[in-house]
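**Q** My file is my_file05.txt. It has compact mmCIF, N, CA and C atoms:
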# COMPACT_ATOMS: atom_id res chain seq x y z
N GLN A 1 32.03 4.93 32.90
CA GLN A 1 33.03 3.90 33.12
C GLN A 1 33.97 4.35 34.23
N VAL A 2 34.54 3.37 34.92
CA VAL A 2 35.39 3.64 36.06
C VAL A 2 36.83 3.84 35.60
N GLN A 3 37.46 4.88 36.12
CA GLN A 3 38.90 5.08 35.88
C GLN A 3 39.65 4.62 37.12
N LEU A 4 40.79 3.94 36.92
CA LEU A 4 41.49 3.29 38.00
C LEU A 4 42.96 3.68 38.04
N VAL A 5 43.47 3.89 39.26
CA VAL A 5 44.90 4.19 39.44
C VAL A 5 45.43 3.36 40.60
N GLU A 6 46.43 2.53 40.32
CA GLU A 6 47.03 1.70 41.35
C GLU A 6 48.19 2.41 42.02
N SER A 7 48.47 2.01 43.25
CA SER A 7 49.64 2.49 43.98
C SER A 7 50.02 1.45 45.02
N GLY A 8 51.19 1.64 45.62
CA GLY A 8 51.61 0.76 46.70
C GLY A 8 52.63 -0.29 46.33
N GLY A 9 52.99 -0.37 45.07
CA GLY A 9 53.99 -1.34 44.67
C GLY A 9 55.37 -0.94 45.17
N GLY A 10 56.32 -1.85 45.02
CA GLY A 10 57.68 -1.56 45.44
C GLY A 10 58.51 -2.80 45.55
N LEU A 11 59.67 -2.64 46.19
CA LEU A 11 60.61 -3.74 46.40
C LEU A 11 60.49 -4.24 47.83
N VAL A 12 60.37 -5.56 47.98
CA VAL A 12 60.22 -6.15 49.31
C VAL A 12 60.96 -7.47 49.33
N GLN A 13 61.45 -7.83 50.50
CA GLN A 13 62.14 -9.12 50.63
C GLN A 13 61.12 -10.26 50.71
N ALA A 14 61.54 -11.41 50.31
CA ALA A 14 60.69 -12.59 50.43
C ALA A 14 60.25 -12.76 51.88
N GLY A 15 58.98 -13.10 52.04
CA GLY A 15 58.39 -13.22 53.37
C GLY A 15 57.75 -11.94 53.87
N GLY A 16 57.99 -10.84 53.18
CA GLY A 16 57.45 -9.57 53.58
C GLY A 16 56.03 -9.35 53.08
N SER A 17 55.54 -8.13 53.30
CA SER A 17 54.16 -7.78 52.96
C SER A 17 54.12 -6.45 52.21
N LEU A 18 53.10 -6.31 51.39
CA LEU A 18 52.77 -5.05 50.73
C LEU A 18 51.27 -4.95 50.65
N ARG A 19 50.78 -3.72 50.62
CA ARG A 19 49.36 -3.50 50.35
C ARG A 19 49.24 -2.60 49.13
N LEU A 20 48.59 -3.12 48.13
CA LEU A 20 48.30 -2.35 46.92
C LEU A 20 46.96 -1.66 47.07
N SER A 21 46.89 -0.45 46.55
CA SER A 21 45.65 0.31 46.55
C SER A 21 45.22 0.61 45.13
N CYS A 22 43.93 0.73 44.94
CA CYS A 22 43.37 1.07 43.64
C CYS A 22 42.33 2.15 43.87
N ALA A 23 42.62 3.35 43.40
CA ALA A 23 41.70 4.47 43.53
C ALA A 23 40.83 4.55 42.28
N ALA A 24 39.52 4.63 42.49
CA ALA A 24 38.59 4.64 41.36
C ALA A 24 37.85 5.96 41.30
N SER A 25 37.64 6.43 40.10
CA SER A 25 36.79 7.60 39.89
C SER A 25 35.57 7.16 39.11
N GLY A 26 34.52 7.96 39.19
CA GLY A 26 33.29 7.58 38.52
C GLY A 26 32.24 7.20 39.54
N ARG A 27 30.98 7.29 39.11
CA ARG A 27 29.86 7.11 40.05
C ARG A 27 29.40 5.67 40.19
N THR A 28 30.02 4.75 39.42
CA THR A 28 29.51 3.38 39.44
C THR A 28 30.39 2.41 40.21
N PHE A 29 31.40 2.91 40.91
CA PHE A 29 32.33 2.01 41.59
C PHE A 29 31.61 1.03 42.50
N SER A 30 30.63 1.50 43.25
CA SER A 30 29.94 0.64 44.22
C SER A 30 29.06 -0.42 43.56
N LYS A 31 28.94 -0.37 42.23
CA LYS A 31 28.10 -1.32 41.51
C LYS A 31 28.92 -2.23 40.58
N VAL A 32 30.22 -2.29 40.77
CA VAL A 32 31.05 -3.14 39.91
C VAL A 32 31.94 -4.04 40.76
N ALA A 33 32.12 -5.28 40.30
CA ALA A 33 33.12 -6.14 40.91
C ALA A 33 34.51 -5.58 40.63
N MET A 34 35.42 -5.84 41.54
CA MET A 34 36.80 -5.39 41.35
C MET A 34 37.72 -6.60 41.35
N GLY A 35 38.76 -6.49 40.56
CA GLY A 35 39.71 -7.60 40.48
C GLY A 35 41.14 -7.10 40.43
N TRP A 36 42.04 -8.02 40.73
CA TRP A 36 43.47 -7.78 40.59
C TRP A 36 44.05 -8.86 39.68
N PHE A 37 44.88 -8.43 38.77
CA PHE A 37 45.61 -9.33 37.89
C PHE A 37 47.09 -8.98 37.99
N ARG A 38 47.93 -9.85 37.47
CA ARG A 38 49.36 -9.55 37.45
C ARG A 38 50.00 -10.13 36.20
N GLN A 39 51.11 -9.50 35.80
CA GLN A 39 51.85 -9.98 34.64
C GLN A 39 53.33 -9.96 34.95
N ALA A 40 53.92 -11.13 34.95
CA ALA A 40 55.35 -11.26 35.16
C ALA A 40 56.08 -11.15 33.81
N PRO A 41 57.35 -10.80 33.84
CA PRO A 41 58.10 -10.67 32.58
C PRO A 41 58.05 -11.95 31.75
N GLY A 42 57.71 -11.81 30.50
CA GLY A 42 57.67 -12.95 29.60
C GLY A 42 56.47 -13.86 29.75
N LYS A 43 55.53 -13.46 30.61
CA LYS A 43 54.35 -14.30 30.85
C LYS A 43 53.08 -13.53 30.53
N GLU A 44 51.99 -14.27 30.36
CA GLU A 44 50.70 -13.64 30.13
C GLU A 44 50.14 -13.11 31.46
N ARG A 45 49.25 -12.12 31.31
CA ARG A 45 48.60 -11.58 32.50
C ARG A 45 47.71 -12.67 33.10
N GLU A 46 47.72 -12.76 34.43
CA GLU A 46 46.94 -13.80 35.10
C GLU A 46 46.09 -13.21 36.23
N PHE A 47 45.02 -13.90 36.50
CA PHE A 47 44.10 -13.53 37.56
C PHE A 47 44.73 -13.74 38.93
N VAL A 48 44.46 -12.80 39.85
CA VAL A 48 44.94 -12.92 41.22
C VAL A 48 43.78 -13.03 42.20
N ALA A 49 42.86 -12.05 42.16
CA ALA A 49 41.76 -12.03 43.13
C ALA A 49 40.65 -11.13 42.61
N ALA A 50 39.44 -11.36 43.12
CA ALA A 50 38.31 -10.52 42.76
C ALA A 50 37.33 -10.48 43.92
N ILE A 51 36.53 -9.40 43.94
CA ILE A 51 35.54 -9.21 45.01
C ILE A 51 34.27 -8.66 44.40
N SER A 52 33.15 -9.12 44.88
CA SER A 52 31.87 -8.65 44.37
C SER A 52 31.61 -7.23 44.82
N TRP A 53 30.58 -6.62 44.20
CA TRP A 53 30.27 -5.23 44.58
C TRP A 53 29.25 -5.15 45.70
N ASN A 54 28.53 -6.28 45.95
CA ASN A 54 27.36 -6.17 46.81
C ASN A 54 27.40 -6.98 48.10
N ASP A 55 28.07 -8.14 48.10
CA ASP A 55 27.95 -9.01 49.27
C ASP A 55 29.29 -9.55 49.77
N GLY A 56 30.38 -8.99 49.31
CA GLY A 56 31.68 -9.37 49.83
C GLY A 56 32.22 -10.70 49.36
N ARG A 57 31.57 -11.34 48.39
CA ARG A 57 32.12 -12.61 47.88
C ARG A 57 33.48 -12.35 47.25
N THR A 58 34.39 -13.29 47.46
CA THR A 58 35.73 -13.17 46.90
C THR A 58 36.13 -14.42 46.14
N ASN A 59 37.13 -14.27 45.32
CA ASN A 59 37.66 -15.37 44.53
C ASN A 59 39.17 -15.16 44.43
N TYR A 60 39.93 -16.23 44.58
CA TYR A 60 41.39 -16.11 44.57
C TYR A 60 42.01 -17.17 43.67
N ALA A 61 43.12 -16.81 43.07
CA ALA A 61 43.92 -17.81 42.38
C ALA A 61 44.52 -18.75 43.42
N ASP A 62 44.68 -20.01 43.06
CA ASP A 62 45.23 -20.98 44.00
C ASP A 62 46.61 -20.56 44.51
N SER A 63 47.36 -19.91 43.66
CA SER A 63 48.74 -19.55 44.01
C SER A 63 48.83 -18.50 45.11
N VAL A 64 47.73 -17.80 45.38
CA VAL A 64 47.77 -16.72 46.40
C VAL A 64 46.83 -16.97 47.56
N LYS A 65 46.04 -18.03 47.50
CA LYS A 65 45.09 -18.31 48.58
C LYS A 65 45.82 -18.45 49.90
N GLY A 66 45.27 -17.81 50.93
CA GLY A 66 45.87 -17.87 52.25
C GLY A 66 46.96 -16.84 52.47
N ARG A 67 47.40 -16.19 51.40
CA ARG A 67 48.46 -15.17 51.54
C ARG A 67 47.97 -13.77 51.17
N PHE A 68 47.09 -13.68 50.18
CA PHE A 68 46.59 -12.40 49.70
C PHE A 68 45.14 -12.22 50.14
N THR A 69 44.75 -10.97 50.38
CA THR A 69 43.37 -10.64 50.73
C THR A 69 42.93 -9.43 49.93
N ILE A 70 41.82 -9.58 49.23
CA ILE A 70 41.25 -8.46 48.49
C ILE A 70 40.15 -7.83 49.34
N SER A 71 40.04 -6.53 49.28
CA SER A 71 38.98 -5.83 50.01
C SER A 71 38.62 -4.56 49.25
N ARG A 72 37.55 -3.91 49.70
CA ARG A 72 37.12 -2.68 49.05
C ARG A 72 36.45 -1.76 50.06
N ASP A 73 36.46 -0.49 49.76
CA ASP A 73 35.81 0.53 50.57
C ASP A 73 34.95 1.35 49.62
N ASN A 74 33.69 1.00 49.53
CA ASN A 74 32.81 1.67 48.56
C ASN A 74 32.60 3.14 48.89
N ALA A 75 32.63 3.48 50.16
CA ALA A 75 32.42 4.87 50.55
C ALA A 75 33.51 5.78 50.01
N ASN A 76 34.71 5.22 49.83
CA ASN A 76 35.85 6.03 49.37
C ASN A 76 36.37 5.61 48.00
N ASN A 77 35.60 4.78 47.32
CA ASN A 77 35.98 4.35 45.96
C ASN A 77 37.39 3.75 45.91
N MET A 78 37.67 2.84 46.85
CA MET A 78 38.99 2.23 46.91
C MET A 78 38.88 0.70 46.93
N ALA A 79 39.85 0.07 46.30
CA ALA A 79 40.02 -1.38 46.40
C ALA A 79 41.46 -1.64 46.84
N TYR A 80 41.65 -2.77 47.51
CA TYR A 80 42.96 -3.07 48.08
C TYR A 80 43.34 -4.52 47.82
N LEU A 81 44.63 -4.76 47.83
CA LEU A 81 45.15 -6.12 47.80
C LEU A 81 46.25 -6.20 48.84
N GLN A 82 45.95 -6.87 49.95
CA GLN A 82 46.94 -7.09 50.99
C GLN A 82 47.70 -8.36 50.64
N MET A 83 49.02 -8.24 50.52
CA MET A 83 49.86 -9.37 50.12
C MET A 83 50.84 -9.70 51.23
N ASN A 84 50.71 -10.88 51.79
CA ASN A 84 51.59 -11.34 52.87
C ASN A 84 52.40 -12.54 52.40
N SER A 85 53.44 -12.84 53.14
CA SER A 85 54.30 -13.99 52.84
C SER A 85 54.71 -14.00 51.38
N LEU A 86 55.17 -12.87 50.92
CA LEU A 86 55.49 -12.73 49.50
C LEU A 86 56.65 -13.62 49.10
N LYS A 87 56.56 -14.11 47.87
CA LYS A 87 57.57 -14.99 47.29
C LYS A 87 58.16 -14.32 46.05
N ALA A 88 59.32 -14.79 45.65
CA ALA A 88 59.95 -14.24 44.45
C ALA A 88 59.04 -14.39 43.24
N GLU A 89 58.29 -15.46 43.18
CA GLU A 89 57.40 -15.69 42.04
C GLU A 89 56.18 -14.77 42.02
N ASP A 90 56.01 -13.96 43.06
CA ASP A 90 54.94 -12.95 43.04
C ASP A 90 55.38 -11.68 42.32
N THR A 91 56.65 -11.61 41.94
CA THR A 91 57.15 -10.45 41.22
C THR A 91 56.41 -10.27 39.90
N ALA A 92 55.83 -9.09 39.71
CA ALA A 92 55.03 -8.83 38.52
C ALA A 92 54.54 -7.38 38.55
N VAL A 93 53.97 -6.96 37.45
CA VAL A 93 53.18 -5.73 37.43
C VAL A 93 51.76 -6.12 37.80
N TYR A 94 51.21 -5.43 38.78
CA TYR A 94 49.87 -5.73 39.27
C TYR A 94 48.88 -4.68 38.76
N TYR A 95 47.76 -5.16 38.25
CA TYR A 95 46.73 -4.30 37.68
C TYR A 95 45.42 -4.49 38.44
N CYS A 96 44.74 -3.40 38.72
CA CYS A 96 43.37 -3.54 39.19
C CYS A 96 42.42 -3.36 38.01
N ALA A 97 41.25 -3.93 38.16
CA ALA A 97 40.29 -3.94 37.07
C ALA A 97 38.88 -3.86 37.63
N ALA A 98 37.98 -3.25 36.87
CA ALA A 98 36.59 -3.10 37.26
C ALA A 98 35.70 -3.87 36.30
N GLY A 99 34.71 -4.53 36.87
CA GLY A 99 33.79 -5.32 36.05
C GLY A 99 32.66 -4.49 35.48
N ARG A 100 31.69 -5.17 34.92
CA ARG A 100 30.53 -4.52 34.32
C ARG A 100 29.54 -4.09 35.40
N VAL A 101 28.92 -2.95 35.16
CA VAL A 101 27.99 -2.41 36.15
C VAL A 101 26.84 -3.39 36.37
N TRP A 102 26.52 -3.62 37.62
CA TRP A 102 25.43 -4.49 38.08
C TRP A 102 25.70 -5.99 37.88
N SER A 103 26.81 -6.36 37.25
CA SER A 103 27.06 -7.77 37.05
C SER A 103 27.37 -8.46 38.36
N LEU A 104 26.81 -9.65 38.57
CA LEU A 104 27.06 -10.42 39.79
C LEU A 104 28.21 -11.42 39.61
N VAL A 105 28.81 -11.38 38.45
CA VAL A 105 29.91 -12.29 38.16
C VAL A 105 31.17 -11.81 38.86
N ILE A 106 31.82 -12.70 39.59
CA ILE A 106 33.16 -12.40 40.14
C ILE A 106 34.12 -13.13 39.23
N GLY A 107 34.50 -12.43 38.16
CA GLY A 107 35.22 -13.10 37.09
C GLY A 107 36.66 -13.40 37.41
N THR A 108 37.22 -14.33 36.65
CA THR A 108 38.63 -14.65 36.71
C THR A 108 39.32 -14.43 35.37
N ARG A 109 38.54 -14.04 34.36
CA ARG A 109 39.10 -13.82 33.03
C ARG A 109 39.21 -12.34 32.75
N GLU A 110 40.15 -11.97 31.90
CA GLU A 110 40.29 -10.56 31.55
C GLU A 110 39.00 -10.03 30.93
N ASN A 111 38.31 -10.84 30.15
CA ASN A 111 37.08 -10.39 29.50
C ASN A 111 35.95 -10.10 30.48
N ASP A 112 36.09 -10.51 31.73
CA ASP A 112 35.07 -10.21 32.73
C ASP A 112 35.19 -8.79 33.26
N PHE A 113 36.26 -8.08 32.86
CA PHE A 113 36.52 -6.74 33.37
C PHE A 113 36.62 -5.76 32.20
N VAL A 114 36.15 -4.54 32.41
CA VAL A 114 36.05 -3.59 31.31
C VAL A 114 36.92 -2.36 31.51
N SER A 115 37.41 -2.12 32.72
CA SER A 115 38.28 -0.96 32.97
C SER A 115 39.53 -1.44 33.68
N TRP A 116 40.67 -0.84 33.31
CA TRP A 116 41.96 -1.28 33.83
C TRP A 116 42.80 -0.08 34.26
N GLY A 117 43.58 -0.30 35.31
CA GLY A 117 44.56 0.69 35.68
C GLY A 117 45.85 0.51 34.89
N GLN A 118 46.82 1.36 35.19
CA GLN A 118 48.07 1.35 34.44
C GLN A 118 49.08 0.35 35.00
N GLY A 119 48.82 -0.14 36.19
CA GLY A 119 49.70 -1.14 36.79
C GLY A 119 50.69 -0.55 37.76
N THR A 120 51.11 -1.37 38.72
CA THR A 120 52.14 -0.99 39.69
C THR A 120 53.09 -2.17 39.86
N GLN A 121 54.39 -1.88 39.88
CA GLN A 121 55.38 -2.94 39.91
C GLN A 121 55.59 -3.45 41.33
N VAL A 122 55.57 -4.76 41.48
CA VAL A 122 55.92 -5.42 42.74
C VAL A 122 57.13 -6.31 42.47
N THR A 123 58.19 -6.10 43.22
CA THR A 123 59.40 -6.91 43.07
C THR A 123 59.73 -7.53 44.42
N VAL A 124 59.83 -8.85 44.44
CA VAL A 124 60.14 -9.58 45.66
C VAL A 124 61.52 -10.18 45.50
N SER A 125 62.43 -9.78 46.37
CA SER A 125 63.79 -10.29 46.31
C SER A 125 63.92 -11.52 47.20
N SER A 126 64.67 -12.50 46.68
CA SER A 126 64.81 -13.75 47.43
C SER A 126 66.13 -13.77 48.20
Could you write out this file's structure as structure tokens?

**A**
Amino acid sequence: QVQLVESGGGLVQAGGSLRLSCAASGRTFSKVAMGWFRQAPGKEREFVAAISWNDGRTNYADSVKGRFTISRDNANNMAYLQMNSLKAEDTAVYYCAAGRVWSLVIGTRENDFVSWGQGTQVTVSS
């Protein structure tokens, strides 16, 4: 199973940018879809973006389309979330997640992912 550690969170003004990183350990990283979720205070965790392991297919929540970009570097076991034009409503703890080995599903549900990081806080001031 893949172990995940997020980094790159912080405080940023509205309209600014951040890039989140997710470092993965384990030998199966290149064979699992990767996703990002977020949880704002008092709200349930929600899907943000996901990327396939094999052909670069991506999926985004409507709320972040055109502003966020998910990517991965299989050679270095890294996944990224580039966040531009940040809004106050993007404030949340962001989690990266790894899917099932060999699965071609680019899931949007928590149940589509089996490994989770500890989260990194993103705060956008308005």

**Q** Which residues, protein or nucleic acid, reach to within 8 Å of (37.8, -2.1, 45.0) in the file's coordinates when using only C-alpha atoms, and can you give that as a PyMOL selection string?

**A** chain A and resi 22-24+29+33-35+51+71-74+77-80+98

**Q** With N, CA and C atoms retained, could you export that selection as a CSV table (one decimal), in the coordinates of the input?

**A**
chain,number,residue,atom,x,y,z
A,22,CYS,N,43.9,0.7,44.9
A,22,CYS,CA,43.4,1.1,43.6
A,22,CYS,C,42.3,2.2,43.9
A,23,ALA,N,42.6,3.4,43.4
A,23,ALA,CA,41.7,4.5,43.5
A,23,ALA,C,40.8,4.6,42.3
A,24,ALA,N,39.5,4.6,42.5
A,24,ALA,CA,38.6,4.6,41.4
A,24,ALA,C,37.8,6.0,41.3
A,29,PHE,N,31.4,2.9,40.9
A,29,PHE,CA,32.3,2.0,41.6
A,29,PHE,C,31.6,1.0,42.5
A,33,ALA,N,32.1,-5.3,40.3
A,33,ALA,CA,33.1,-6.1,40.9
A,33,ALA,C,34.5,-5.6,40.6
A,34,MET,N,35.4,-5.8,41.5
A,34,MET,CA,36.8,-5.4,41.4
A,34,MET,C,37.7,-6.6,41.4
A,35,GLY,N,38.8,-6.5,40.6
A,35,GLY,CA,39.7,-7.6,40.5
A,35,GLY,C,41.1,-7.1,40.4
A,51,ILE,N,36.5,-9.4,43.9
A,51,ILE,CA,35.5,-9.2,45.0
A,51,ILE,C,34.3,-8.7,44.4
A,71,SER,N,40.0,-6.5,49.3
A,71,SER,CA,39.0,-5.8,50.0
A,71,SER,C,38.6,-4.6,49.2
A,72,ARG,N,37.6,-3.9,49.7
A,72,ARG,CA,37.1,-2.7,49.0
A,72,ARG,C,36.4,-1.8,50.1
A,73,ASP,N,36.5,-0.5,49.8
A,73,ASP,CA,35.8,0.5,50.6
A,73,ASP,C,35.0,1.4,49.6
A,74,ASN,N,33.7,1.0,49.5
A,74,ASN,CA,32.8,1.7,48.6
A,74,ASN,C,32.6,3.1,48.9
A,77,ASN,N,35.6,4.8,47.3
A,77,ASN,CA,36.0,4.4,46.0
A,77,ASN,C,37.4,3.8,45.9
A,78,MET,N,37.7,2.8,46.8
A,78,MET,CA,39.0,2.2,46.9
A,78,MET,C,38.9,0.7,46.9
A,79,ALA,N,39.8,0.1,46.3
A,79,ALA,CA,40.0,-1.4,46.4
A,79,ALA,C,41.5,-1.6,46.8
A,80,TYR,N,41.6,-2.8,47.5
A,80,TYR,CA,43.0,-3.1,48.1
A,80,TYR,C,43.3,-4.5,47.8
A,98,ALA,N,38.0,-3.2,36.9
A,98,ALA,CA,36.6,-3.1,37.3
A,98,ALA,C,35.7,-3.9,36.3

**Q** Return the padded bounding box of stretch 114-121 of chain A as lines of an AutoDock Vina configuration file: axis-aligned, built from all atoms listed in the file, 6 Å added on each side, with centre and edge lengths in Å to one decimal.

**A**
center_x = 45.8
center_y = -1.6
center_z = 36.3
size_x = 31.5
size_y = 17.9
size_z = 22.0

**Q** Among stretch 18-53 of chain A, which residues carry a DSSP assignment of strand (DSSP E), reported as an NGL selection string?

**A** :A and (18-25 or 34-39 or 46-51)

**Q** What residues have an atom no more than 7 Å from (37.8, 5.6, 38.5) in the file's own frame, counting only C-alpha atoms, and can you write them as a VMD selection string?

**A** chain A and resid 2 to 4 23 to 26

**Q** Rank nothing, just name the residue among A:Val5, A:Leu18, A:Val12, A:Val122 nearest to A:Val93, using all atoms listed in the file.

**A**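 Among A:Val5, A:Leu18, A:Val12, A:Val122, it is A:Val122 that comes nearest to A:Val93.
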
**Q** List the spatial neighbours of A:Ala49 as a list in words - criterion: any atom at most 8 Å away, only C-alpha atoms, same-chain residues fewer than 2 positions off excluded.

**A**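 The contact residues come out as Gly35, Trp36, Phe37, Phe47, Ile51, Thr58, Asn59, Tyr60, Ala61, Thr69, Ile70 and Thr108 of chain A.
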
**Q** Could you please determine the separation between atom CA of A:Val114 and atom CA of A:Ala50 in Å, to one decimal place?

**A**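 A separation of 13.6 Å between them.
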
**Q** Leaving out A:Gly8 and any residue of its chain fewer than 6 positions from it, which residues lie within 7 Å of it when counting all atoms listed in the file, given as a PDB file with N, CA and C atoms, keeping the file's coordinate frame?

**A**
ATOM      1  N   LEU A  18      53.100  -6.310  51.390  1.00  0.00           N
ATOM      2  CA  LEU A  18      52.770  -5.050  50.730  1.00  0.00           C
ATOM      3  C   LEU A  18      51.270  -4.950  50.650  1.00  0.00           C
ATOM      4  N   ARG A  19      50.780  -3.720  50.620  1.00  0.00           N
ATOM      5  CA  ARG A  19      49.360  -3.500  50.350  1.00  0.00           C
ATOM      6  C   ARG A  19      49.240  -2.600  49.130  1.00  0.00           C
ATOM      7  N   LEU A  20      48.590  -3.120  48.130  1.00  0.00           N
ATOM      8  CA  LEU A  20      48.300  -2.350  46.920  1.00  0.00           C
ATOM      9  C   LEU A  20      46.960  -1.660  47.070  1.00  0.00           C
ATOM     10  N   SER A  21      46.890  -0.450  46.550  1.00  0.00           N
ATOM     11  CA  SER A  21      45.650   0.310  46.550  1.00  0.00           C
ATOM     12  C   SER A  21      45.220   0.610  45.130  1.00  0.00           C
ATOM     13  N   THR A 120      51.110  -1.370  38.720  1.00  0.00           N
ATOM     14  CA  THR A 120      52.140  -0.990  39.690  1.00  0.00           C
ATOM     15  C   THR A 120      53.090  -2.170  39.860  1.00  0.00           C
ATOM     16  N   GLN A 121      54.390  -1.880  39.880  1.00  0.00           N
ATOM     17  CA  GLN A 121      55.380  -2.940  39.910  1.00  0.00           C
ATOM     18  C   GLN A 121      55.590  -3.450  41.330  1.00  0.00           C
TER      19      GLN A 121
END

**Q** Go ahead and compute the interatomic distance for atom CA of A:Gly56 and atom CA of A:Glu6, in Å to one decimal.

**A**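 For atom CA of A:Gly56 relative to atom CA of A:Glu6, the distance reads 20.7 Å.
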
**Q** Tell me which of A:Thr91, A:Asn111, A:Gln118, A:Ser85 sits closest to A:Gly15, counting only C-alpha atoms.

**A**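 Checking each candidate against A:Gly15, we get A:Ser85 as the closest.
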
**Q** What gap, in Å, lies between atom C of A:Gly107 and atom N of A:Lys87?

**A**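 According to the coordinates, atom C of A:Gly107 and atom N of A:Lys87 are separated by 22.5 Å.
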
**Q** For a quick check of understanding, using all atoms listed in the file, which of A:Leu81, A:Ala14, A:Val48, A:Ala97 has the smallest distance to A:Phe113?

**A**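 Closest residue, counting all atoms listed in the file: A:Ala97.
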